[in-house]
file my_file-v1.cif (mmCIF, C-alpha atoms)
data_start
loop_
_atom_site.label_atom_id
_atom_site.label_comp_id
_atom_site.auth_asym_id
_atom_site.auth_seq_id
_atom_site.Cartn_x
_atom_site.Cartn_y
_atom_site.Cartn_z
CA MET A 1 38.20 0.12 22.38
CA GLU A 2 37.05 3.46 23.66
CA GLY A 3 37.38 4.91 20.18
CA ASN A 4 35.20 2.11 18.80
CA LEU A 5 32.53 2.84 21.38
CA THR A 6 32.41 6.54 20.57
CA VAL A 7 31.88 6.02 16.84
CA PRO A 8 28.17 5.14 17.11
CA LYS A 9 27.56 8.14 19.37
CA GLN A 10 29.35 10.48 16.99
CA SER A 11 27.49 8.94 14.07
CA LEU A 12 24.15 9.42 15.83
CA VAL A 13 24.95 13.06 16.66
CA GLN A 14 25.95 13.71 13.05
CA ALA A 15 22.76 12.08 11.81
CA LEU A 16 20.59 14.19 14.14
CA THR A 17 22.47 17.34 13.14
CA ARG A 18 21.67 16.65 9.50
CA GLU A 19 17.99 16.32 10.45
CA TRP A 20 17.68 19.93 11.63
CA PRO A 21 14.52 20.43 9.51
CA TRP A 22 12.78 17.95 11.79
CA PHE A 23 13.56 20.09 14.83
CA VAL A 24 12.23 23.16 12.98
CA ASN A 25 9.14 21.11 12.14
CA LEU A 26 8.69 20.01 15.75
CA VAL A 27 9.21 23.49 17.28
CA THR A 28 6.79 25.05 14.79
CA THR A 29 4.20 22.36 15.52
CA GLY A 30 4.49 22.99 19.26
CA LEU A 31 4.20 26.76 18.90
CA PHE A 32 1.09 26.56 16.74
CA LEU A 33 -0.54 24.00 19.03
CA VAL A 34 -0.08 26.38 21.97
CA PHE A 35 -0.56 29.78 20.35
CA GLY A 36 -2.28 28.96 17.07
CA ARG A 37 -5.81 29.83 18.16
CA ALA A 38 -4.71 33.28 19.36
CA TRP A 39 -2.52 33.93 16.31
CA PHE A 40 -5.36 33.04 13.93
CA SER A 41 -8.02 35.00 15.82
CA ASP A 42 -7.53 38.06 13.59
CA LEU A 43 -5.94 37.72 10.16
CA SER A 44 -7.16 41.06 8.81
CA ASN A 45 -3.66 42.54 9.02
CA PRO A 46 -2.03 41.63 5.66
CA LEU A 47 1.48 41.60 7.15
CA TRP A 48 0.54 39.23 9.98
CA PHE A 49 -1.44 37.05 7.56
CA GLY A 50 1.56 36.87 5.23
CA ILE A 51 3.99 36.00 8.04
CA LEU A 52 1.87 33.10 9.29
CA LEU A 53 1.16 31.79 5.79
CA LEU A 54 4.81 31.93 4.66
CA TRP A 55 6.02 30.45 7.95
CA LEU A 56 3.76 27.42 7.70
CA PHE A 57 4.26 27.08 3.96
CA GLY A 58 8.05 27.22 4.35
CA VAL A 59 8.24 24.69 7.19
CA ILE A 60 5.94 22.21 5.42
CA LEU A 61 7.93 22.63 2.19
CA LEU A 62 11.20 22.08 4.08
CA SER A 63 9.76 18.96 5.70
CA ALA A 64 8.46 17.69 2.35
CA PHE A 65 11.96 17.97 0.88
CA ALA A 66 13.32 16.00 3.86
CA VAL A 67 10.65 13.30 3.43
CA VAL A 68 11.50 12.96 -0.26
CA HIS A 69 15.23 12.82 0.58
CA HIS A 70 14.71 9.80 2.82
CA ALA A 71 12.25 8.24 0.35
CA GLU A 72 14.88 8.66 -2.37
CA ALA A 73 17.44 6.96 -0.14
CA LEU A 74 15.09 4.00 0.19
CA ALA A 75 14.47 4.14 -3.56
CA ALA A 76 18.19 4.00 -4.30
CA SER A 77 18.67 1.11 -1.89
CA LEU A 78 15.77 -0.96 -3.17
CA GLY A 79 16.19 -0.12 -6.87
CA GLU A 80 13.55 0.36 -9.55
CA PRO A 81 10.60 0.14 -9.67
CA LEU A 82 10.01 -0.45 -5.95
CA GLY A 83 12.12 2.54 -4.97
CA THR A 84 10.12 5.02 -7.03
CA LEU A 85 6.89 3.50 -5.69
CA ILE A 86 7.99 4.33 -2.13
CA LEU A 87 8.77 7.88 -3.22
CA THR A 88 5.38 8.44 -4.84
CA LEU A 89 3.50 6.87 -1.92
CA ALA A 90 5.32 9.13 0.56
CA VAL A 91 4.38 12.23 -1.44
CA THR A 92 0.79 11.03 -1.91
CA GLY A 93 0.54 10.45 1.84
CA ILE A 94 1.47 14.07 2.49
CA GLU A 95 -1.06 15.20 -0.10
CA VAL A 96 -3.91 13.17 1.37
CA MET A 97 -3.16 14.50 4.87
CA MET A 98 -3.15 18.09 3.64
CA ILE A 99 -6.34 17.72 1.58
CA THR A 100 -8.19 16.19 4.51
CA ALA A 101 -6.94 18.84 6.93
CA VAL A 102 -7.83 21.77 4.68
CA MET A 103 -11.23 20.29 3.72
CA TYR A 104 -12.39 19.79 7.28
CA THR A 105 -10.88 22.79 9.02
CA GLY A 106 -13.20 25.74 9.41
CA SER A 107 -15.23 26.34 6.25
CA GLY A 108 -13.05 24.22 4.00
CA SER A 109 -14.36 23.70 0.49
CA PRO A 110 -15.91 20.29 -0.30
CA SER A 111 -14.37 20.65 -3.79
CA LEU A 112 -10.79 20.89 -2.52
CA ALA A 113 -9.99 17.22 -3.20
CA ARG A 114 -11.22 17.60 -6.78
CA ASP A 115 -9.28 20.83 -7.27
CA ALA A 116 -6.12 19.32 -5.76
CA MET A 117 -6.33 16.22 -7.97
CA MET A 118 -6.91 18.38 -11.04
CA ALA A 119 -3.93 20.52 -10.02
CA VAL A 120 -1.73 17.44 -9.57
CA VAL A 121 -2.66 16.17 -13.03
CA MET A 122 -2.03 19.57 -14.64
CA ILE A 123 1.20 20.26 -12.73
CA VAL A 124 2.64 16.79 -13.34
CA LEU A 125 1.39 15.80 -16.81
CA ASN A 126 1.86 19.31 -18.23
CA GLY A 127 4.22 21.36 -16.05
CA MET A 128 6.64 18.72 -14.77
CA VAL A 129 6.54 16.51 -17.88
CA GLY A 130 7.00 19.62 -20.03
CA ILE A 131 10.02 20.88 -18.07
CA SER A 132 11.62 17.42 -17.87
CA LEU A 133 11.22 16.72 -21.59
CA LEU A 134 12.25 20.24 -22.59
CA LEU A 135 15.40 20.40 -20.45
CA GLY A 136 16.29 16.78 -21.15
CA GLY A 137 15.80 17.33 -24.89
CA LEU A 138 17.89 20.50 -24.90
CA ARG A 139 20.78 18.67 -23.22
CA HIS A 140 20.51 15.24 -24.86
CA HIS A 141 18.50 15.95 -28.08
CA GLU A 142 16.47 12.72 -27.80
CA GLN A 143 15.87 10.53 -24.77
CA THR A 144 14.58 6.98 -24.48
CA TYR A 145 12.50 5.16 -21.89
CA ASN A 146 10.49 1.94 -21.63
CA LEU A 147 7.33 2.47 -23.66
CA GLN A 148 5.49 -0.48 -22.09
CA GLY A 149 5.82 1.03 -18.62
CA ALA A 150 4.45 4.43 -19.67
CA ASN A 151 1.53 2.75 -21.43
CA ALA A 152 0.76 0.73 -18.30
CA PHE A 153 0.61 3.93 -16.24
CA LEU A 154 -1.67 5.69 -18.74
CA ALA A 155 -3.93 2.64 -19.10
CA VAL A 156 -4.94 3.07 -15.45
CA ILE A 157 -4.69 6.88 -15.18
CA ILE A 158 -7.04 7.65 -18.08
CA PRO A 159 -10.13 5.65 -17.00
CA LEU A 160 -9.79 6.63 -13.33
CA ALA A 161 -9.36 10.32 -14.21
CA VAL A 162 -12.43 10.29 -16.45
CA LEU A 163 -14.60 8.26 -14.07
CA GLY A 164 -13.49 10.21 -10.99
CA LEU A 165 -13.27 13.80 -12.27
CA ILE A 166 -15.54 14.05 -15.34
CA LEU A 167 -18.32 11.47 -15.01
CA PRO A 168 -19.76 12.88 -11.72
CA SER A 169 -20.80 16.03 -13.59
CA PHE A 170 -23.08 13.94 -15.84
CA THR A 171 -24.61 11.41 -13.44
CA ARG A 172 -28.25 11.89 -12.41
CA SER A 173 -28.53 9.78 -9.27
CA SER A 174 -27.31 12.63 -7.03
CA PRO A 175 -27.51 16.43 -7.34
CA GLY A 176 -24.58 18.45 -8.66
CA PRO A 177 -21.15 17.09 -9.58
CA THR A 178 -21.37 14.28 -7.02
CA LEU A 179 -21.75 10.52 -6.95
CA SER A 180 -24.50 8.53 -5.30
CA PHE A 181 -23.65 6.17 -2.44
CA THR A 182 -23.60 3.16 -4.79
CA GLN A 183 -21.56 4.96 -7.44
CA ALA A 184 -19.06 6.23 -4.88
CA ASN A 185 -18.57 2.75 -3.41
CA PHE A 186 -18.08 1.28 -6.87
CA LEU A 187 -15.45 3.92 -7.68
CA ILE A 188 -13.65 3.24 -4.38
CA ILE A 189 -13.47 -0.49 -5.13
CA MET A 190 -12.48 0.10 -8.75
CA ALA A 191 -9.73 2.62 -7.93
CA LEU A 192 -8.17 0.47 -5.21
CA GLY A 193 -8.57 -2.70 -7.26
CA LEU A 194 -6.93 -1.27 -10.38
CA TYR A 195 -4.09 0.17 -8.32
CA ALA A 196 -3.52 -3.20 -6.63
CA VAL A 197 -3.37 -4.93 -10.02
CA PHE A 198 -1.00 -2.26 -11.29
CA LEU A 199 1.31 -2.72 -8.28
CA ALA A 200 1.39 -6.46 -8.94
CA ILE A 201 2.35 -5.79 -12.56
CA GLN A 202 4.94 -3.18 -11.59
CA ASN A 203 6.68 -5.07 -8.81
CA VAL A 204 6.09 -8.77 -9.54
CA ARG A 205 5.05 -9.92 -12.98
CA HIS A 206 6.48 -7.24 -15.29
CA ARG A 207 9.18 -5.35 -13.41
CA ASP A 208 11.13 -5.04 -16.65
CA TYR A 209 8.47 -2.65 -18.01
CA PHE A 210 9.60 -0.01 -15.51
CA VAL A 211 13.37 -0.09 -15.94
CA HIS A 212 15.44 1.40 -18.74
CA PRO A 213 15.00 -0.59 -21.99
CA GLU A 214 18.76 -1.14 -22.21
CA GLY A 215 18.56 -2.94 -18.85
CA GLY A 216 19.86 -2.20 -15.41
CA ASP A 217 18.88 0.18 -12.68
CA THR A 218 19.02 3.82 -13.75
CA GLY A 219 18.55 5.17 -10.23
CA ASP A 220 21.05 7.25 -8.33
CA HIS A 221 22.57 5.16 -5.55
CA SER A 222 24.43 7.99 -3.90
CA HIS A 223 21.73 8.34 -1.24
CA ALA A 224 21.87 4.71 -0.17
CA ALA A 225 25.25 4.69 1.48
CA GLY A 226 25.82 5.21 5.19
CA ARG A 227 22.32 4.65 6.63
CA SER A 228 20.12 1.59 6.97
CA ASN A 229 16.67 1.32 5.46
CA THR A 230 15.22 1.12 8.99
CA PHE A 231 16.79 4.47 9.85
CA HIS A 232 15.28 6.14 6.76
CA VAL A 233 11.83 4.65 7.44
CA LEU A 234 11.81 5.81 11.08
CA VAL A 235 12.98 9.33 10.22
CA LEU A 236 10.48 9.56 7.37
CA LEU A 237 7.64 8.68 9.76
CA ALA A 238 9.00 11.17 12.30
CA TYR A 239 8.59 13.93 9.71
CA LEU A 240 5.10 12.84 8.64
CA VAL A 241 3.48 12.86 12.09
CA PRO A 242 3.99 16.62 12.80
CA LEU A 243 2.96 17.38 9.21
CA VAL A 244 -0.57 16.28 10.06
CA VAL A 245 -0.80 19.06 12.66
CA LEU A 246 0.91 21.66 10.47
CA SER A 247 -1.38 20.86 7.55
CA LYS A 248 -4.40 21.54 9.73
CA GLN A 249 -2.87 24.86 10.83
CA LEU A 250 -2.10 25.84 7.21
CA ALA A 251 -5.75 25.26 6.32
CA VAL A 252 -6.79 28.34 8.33
CA PRO A 253 -4.84 31.03 6.37
CA ILE A 254 -5.51 29.27 3.05
CA ASN A 255 -9.28 29.28 3.60
CA TYR A 256 -9.19 32.85 4.93
CA GLY A 257 -7.06 34.11 2.03
CA ILE A 258 -9.32 32.60 -0.63
CA SER A 259 -12.36 34.15 1.03
CA ALA A 260 -10.84 37.56 1.86
CA PHE A 261 -9.14 38.15 -1.48
CA HIS A 262 -11.95 36.63 -3.57
CA ALA A 263 -9.51 34.19 -5.15
CA PRO A 264 -10.81 31.28 -7.24
CA PRO A 265 -11.66 28.27 -5.03
CA ALA A 266 -9.38 26.08 -7.17
CA LEU A 267 -6.40 28.08 -5.88
CA GLY A 268 -6.51 26.16 -2.57
CA GLY A 269 -6.08 22.85 -4.34
CA PHE A 270 -3.35 24.33 -6.52
CA LEU A 271 -1.37 25.53 -3.48
CA VAL A 272 -1.63 22.12 -1.84
CA ALA A 273 -0.42 20.43 -5.04
CA VAL A 274 2.49 22.86 -5.50
CA LEU A 275 3.58 22.37 -1.91
CA ILE A 276 3.72 18.59 -1.98
CA LEU A 277 4.98 18.22 -5.57
CA SER A 278 7.91 20.65 -5.33
CA PRO A 279 10.48 18.11 -4.05
CA GLU A 280 9.28 15.42 -6.46
CA SER A 281 9.43 17.76 -9.43
CA LEU A 282 13.04 18.59 -8.58
CA GLY A 283 13.91 14.89 -8.54
CA ALA A 284 12.17 14.25 -11.87
CA THR A 285 13.89 17.20 -13.54
CA ARG A 286 17.29 16.18 -12.17
CA ALA A 287 16.79 12.64 -13.49
CA ALA A 288 15.89 13.95 -16.97
CA LEU A 289 18.98 16.19 -17.03
CA ASP A 290 21.10 13.17 -16.05
CA ASN A 291 19.60 11.26 -19.00
CA GLN A 292 17.67 8.97 -16.65
CA LEU A 293 14.32 9.58 -18.32
CA GLN A 294 12.96 6.21 -17.19
CA ARG A 295 13.24 7.26 -13.55
CA SER A 296 11.67 10.62 -14.42
CA VAL A 297 8.73 8.89 -16.15
CA ASN A 298 8.28 6.53 -13.18
CA ILE A 299 8.19 9.47 -10.75
CA LEU A 300 5.87 11.65 -12.83
CA LEU A 301 3.30 9.13 -14.01
CA GLY A 302 3.53 7.25 -10.73
CA SER A 303 2.61 10.36 -8.73
CA VAL A 304 -0.46 11.02 -10.89
CA LEU A 305 -1.61 7.41 -10.64
CA ALA A 306 -1.09 7.25 -6.87
CA THR A 307 -2.91 10.56 -6.37
CA ILE A 308 -5.99 9.55 -8.33
CA SER A 309 -6.08 5.92 -7.16
CA LEU A 310 -5.66 6.71 -3.45
CA THR A 311 -7.03 10.22 -2.94
CA ILE A 312 -10.44 9.56 -4.52
CA PRO A 313 -11.22 6.51 -2.32
CA PHE A 314 -9.86 8.24 0.79
CA VAL A 315 -11.94 11.41 0.48
CA LEU A 316 -15.07 9.45 -0.48
CA VAL A 317 -14.68 7.29 2.64
CA ILE A 318 -14.16 10.43 4.75
CA GLY A 319 -17.30 11.87 3.15
CA HIS A 320 -19.30 8.76 4.11
CA VAL A 321 -17.99 8.77 7.68
CA THR A 322 -18.53 12.50 8.30
CA ASN A 323 -21.67 12.80 6.16
CA GLN A 324 -19.97 15.49 4.05
CA THR A 325 -20.77 16.18 0.41
CA ILE A 326 -17.76 15.55 -1.81
CA LEU A 327 -17.75 17.43 -5.11
CA LEU A 328 -15.75 15.49 -7.71
CA GLY A 329 -17.01 16.48 -11.14
CA LEU A 330 -15.15 19.23 -13.00
CA ASP A 331 -16.87 22.08 -14.81
CA SER A 332 -16.94 22.04 -18.61
CA VAL A 333 -13.77 24.14 -19.07
CA ASP A 334 -11.62 22.03 -16.74
CA ALA A 335 -13.11 18.81 -18.16
CA ILE A 336 -12.05 19.81 -21.68
CA LEU A 337 -8.58 20.74 -20.43
CA LEU A 338 -8.24 17.40 -18.62
CA LEU A 339 -9.33 15.41 -21.70
CA LEU A 340 -6.91 17.41 -23.86
CA THR A 341 -4.08 16.72 -21.42
CA LEU A 342 -4.82 12.99 -21.39
CA ALA A 343 -4.97 12.90 -25.18
CA VAL A 344 -1.68 14.79 -25.60
CA SER A 345 -0.03 12.58 -22.97
CA THR A 346 -1.11 9.51 -24.93
CA LEU A 347 0.54 10.96 -28.06
CA THR A 348 3.67 11.98 -26.13
CA PHE A 349 4.18 8.50 -24.73
CA ALA A 350 3.28 6.72 -27.99
CA SER A 351 6.93 6.72 -29.02
CA ALA A 352 9.94 5.48 -27.08
CA ARG A 353 11.83 8.69 -27.89
CA THR A 354 11.09 12.23 -26.69
CA ASN A 355 12.25 15.67 -27.83
CA VAL A 356 11.92 19.38 -27.00
CA LEU A 357 8.72 19.84 -29.07
CA LEU A 358 6.78 17.49 -26.83
CA GLY A 359 8.01 19.35 -23.76
CA ALA A 360 6.99 22.72 -25.21
CA VAL A 361 3.46 21.48 -25.96
CA HIS A 362 2.94 20.28 -22.39
CA LEU A 363 4.29 23.53 -20.95
CA LEU A 364 1.86 25.58 -23.05
CA LEU A 365 -1.03 23.44 -21.78
CA PHE A 366 0.12 24.12 -18.21
CA LEU A 367 0.14 27.88 -18.86
CA ALA A 368 -3.37 27.55 -20.30
CA TYR A 369 -4.47 25.86 -17.06
CA ILE A 370 -3.03 28.72 -14.97
CA MET A 371 -4.75 31.32 -17.12
CA LEU A 372 -8.10 29.51 -17.06
CA MET A 373 -7.96 29.17 -13.28
CA PHE A 374 -8.32 32.96 -12.98
CA GLU A 375 -10.23 33.75 -16.18
CA LYS A 376 -12.80 31.25 -17.44
#
call {"tool": "encode", "arguments": {"input": "my_file-v1.cif", "output": "structure tokens"}}
result
Amino acid sequence: MEGNLTVPKQSLVQALTREWPWFVNLVTTGLFLVFGRAWFSDLSNPLWFGILLLWLFGVILLSAFAVVHHAEALAASLGEPLGTLILTLAVTGIEVMMITAVMYTGSGSPSLARDAMMAVVMIVLNGMVGISLLLGGLRHHEQTYNLQGANAFLAVIIPLAVLGLILPSFTRSSPGPTLSFTQANFLIIMALGLYAVFLAIQNVRHRDYFVHPEGGDTGDHSHAAGRSNTFHVLVLLAYLVPLVVLSKQLAVPINYGISAFHAPPALGGFLVAVLILSPESLGATRAALDNQLQRSVNILLGSVLATISLTIPFVLVIGHVTNQTILLGLDSVDAILLLLTLAVSTLTFASARTNVLLGAVHLLLFLAYIMLMFEK
């Protein structure tokens, strides 16, 4: 009987031991809450600046991997497509928190949300799709997925991307690449409404669009064993709460670095996107290598859709509440690159089979985006 009573305690200790990144997260959060103001008072020393930036960047990245691990455990337990939806919403939640923190800390750029969304689209639709298709094609020659699901994703991504990131540069009701109050409210309602309809299609009416065409769940169930869904939800939330504070702290060296080193303003959004997409990109690539391209497509296109559908309304509401100007419209170079990416993505997902050529094309577009960020 005594042995039976000690099992839960041992299990709890083992579980907490495996969650050591959370303790690192918590200690770092406490240190920066107490000493952050003094540590950030003078960032002119490059070594000190680098230490603080890498420290915060590393802890947030470590925590993001832990969040995705628990989201993947829920995904494996619940199956497709609901599991992947939880994963993309968890990552999008981190992104929204970081964008808001960086935008409204110090002299944060009002264009950061636009730059971060553009970076997410370029990183995912070009970088991550390119790597997944290239590596998957090299290992398996051709891979299949459910064409109807990919088309459903793109049917919502394309109009929201154009209306949210390109149209504001051409409207006349408000100065600059912005939207008027009426236009912004319409876009908020449209983005949330389309995403709600999509979720109904994905999880209720047409779930079969988002599973492998041969049937069955292609997800990896290795994460699901041993822990309850409640445990994973609670631990996931425990990671997210300190991330709000750490994201606000990270905003200080990011804003300072862009200003001090005369880096392009879009670099801030790119760093935010890289930070929150790193764990997800690993999962998508691993799925493609395991010949689970359907899961990879769900992760990749789902993250783009969630980012655009949720980030745009969130930052516009924050702009209304705080009376801040939100710059959404891209310049002409980025607008052309976005339209080209959307067009190539439509061609890529026009066939139910993929190969290495398609991956190479997307990777070259991603390299073009990196080059144009620094040299327009």
call {"tool": "atom_distance", "arguments": {"input": "my_file-v1.cif", "atom1": "atom CA of A:Leu339", "atom2": "atom CA of A:Phe270"}}
result
18.6 Å
call {"tool": "atom_distance", "arguments": {"input": "my_file-v1.cif", "atom1": "atom CA of A:Val120", "atom2": "atom CA of A:Asn229"}}
result
28.7 Å
call {"tool": "residues_around", "arguments": {"input": "my_file-v1.cif", "residues": "stretch 28-39 of chain A", "least_positions_apart": "5", "cutoff": "7 Å", "atoms": "only C-alpha atoms", "output": "ChimeraX atom specification"}}
result
/A:242,245-246
call {"tool": "residues_around", "arguments": {"input": "my_file-v1.cif", "residues": "A:Gly130", "least_positions_apart": "2", "cutoff": "12 Å", "atoms": "all atoms listed in the file", "output": "PyMOL selection string"}}
result
chain A and resi 122-128+132-138+281+284-285+288+296-297+300+341+344-345+348+354-367
call {"tool": "atom_distance", "arguments": {"input": "my_file-v1.cif", "atom1": "atom CA of A:Lys376", "atom2": "atom CA of A:Met118"}}
result
15.5 Å
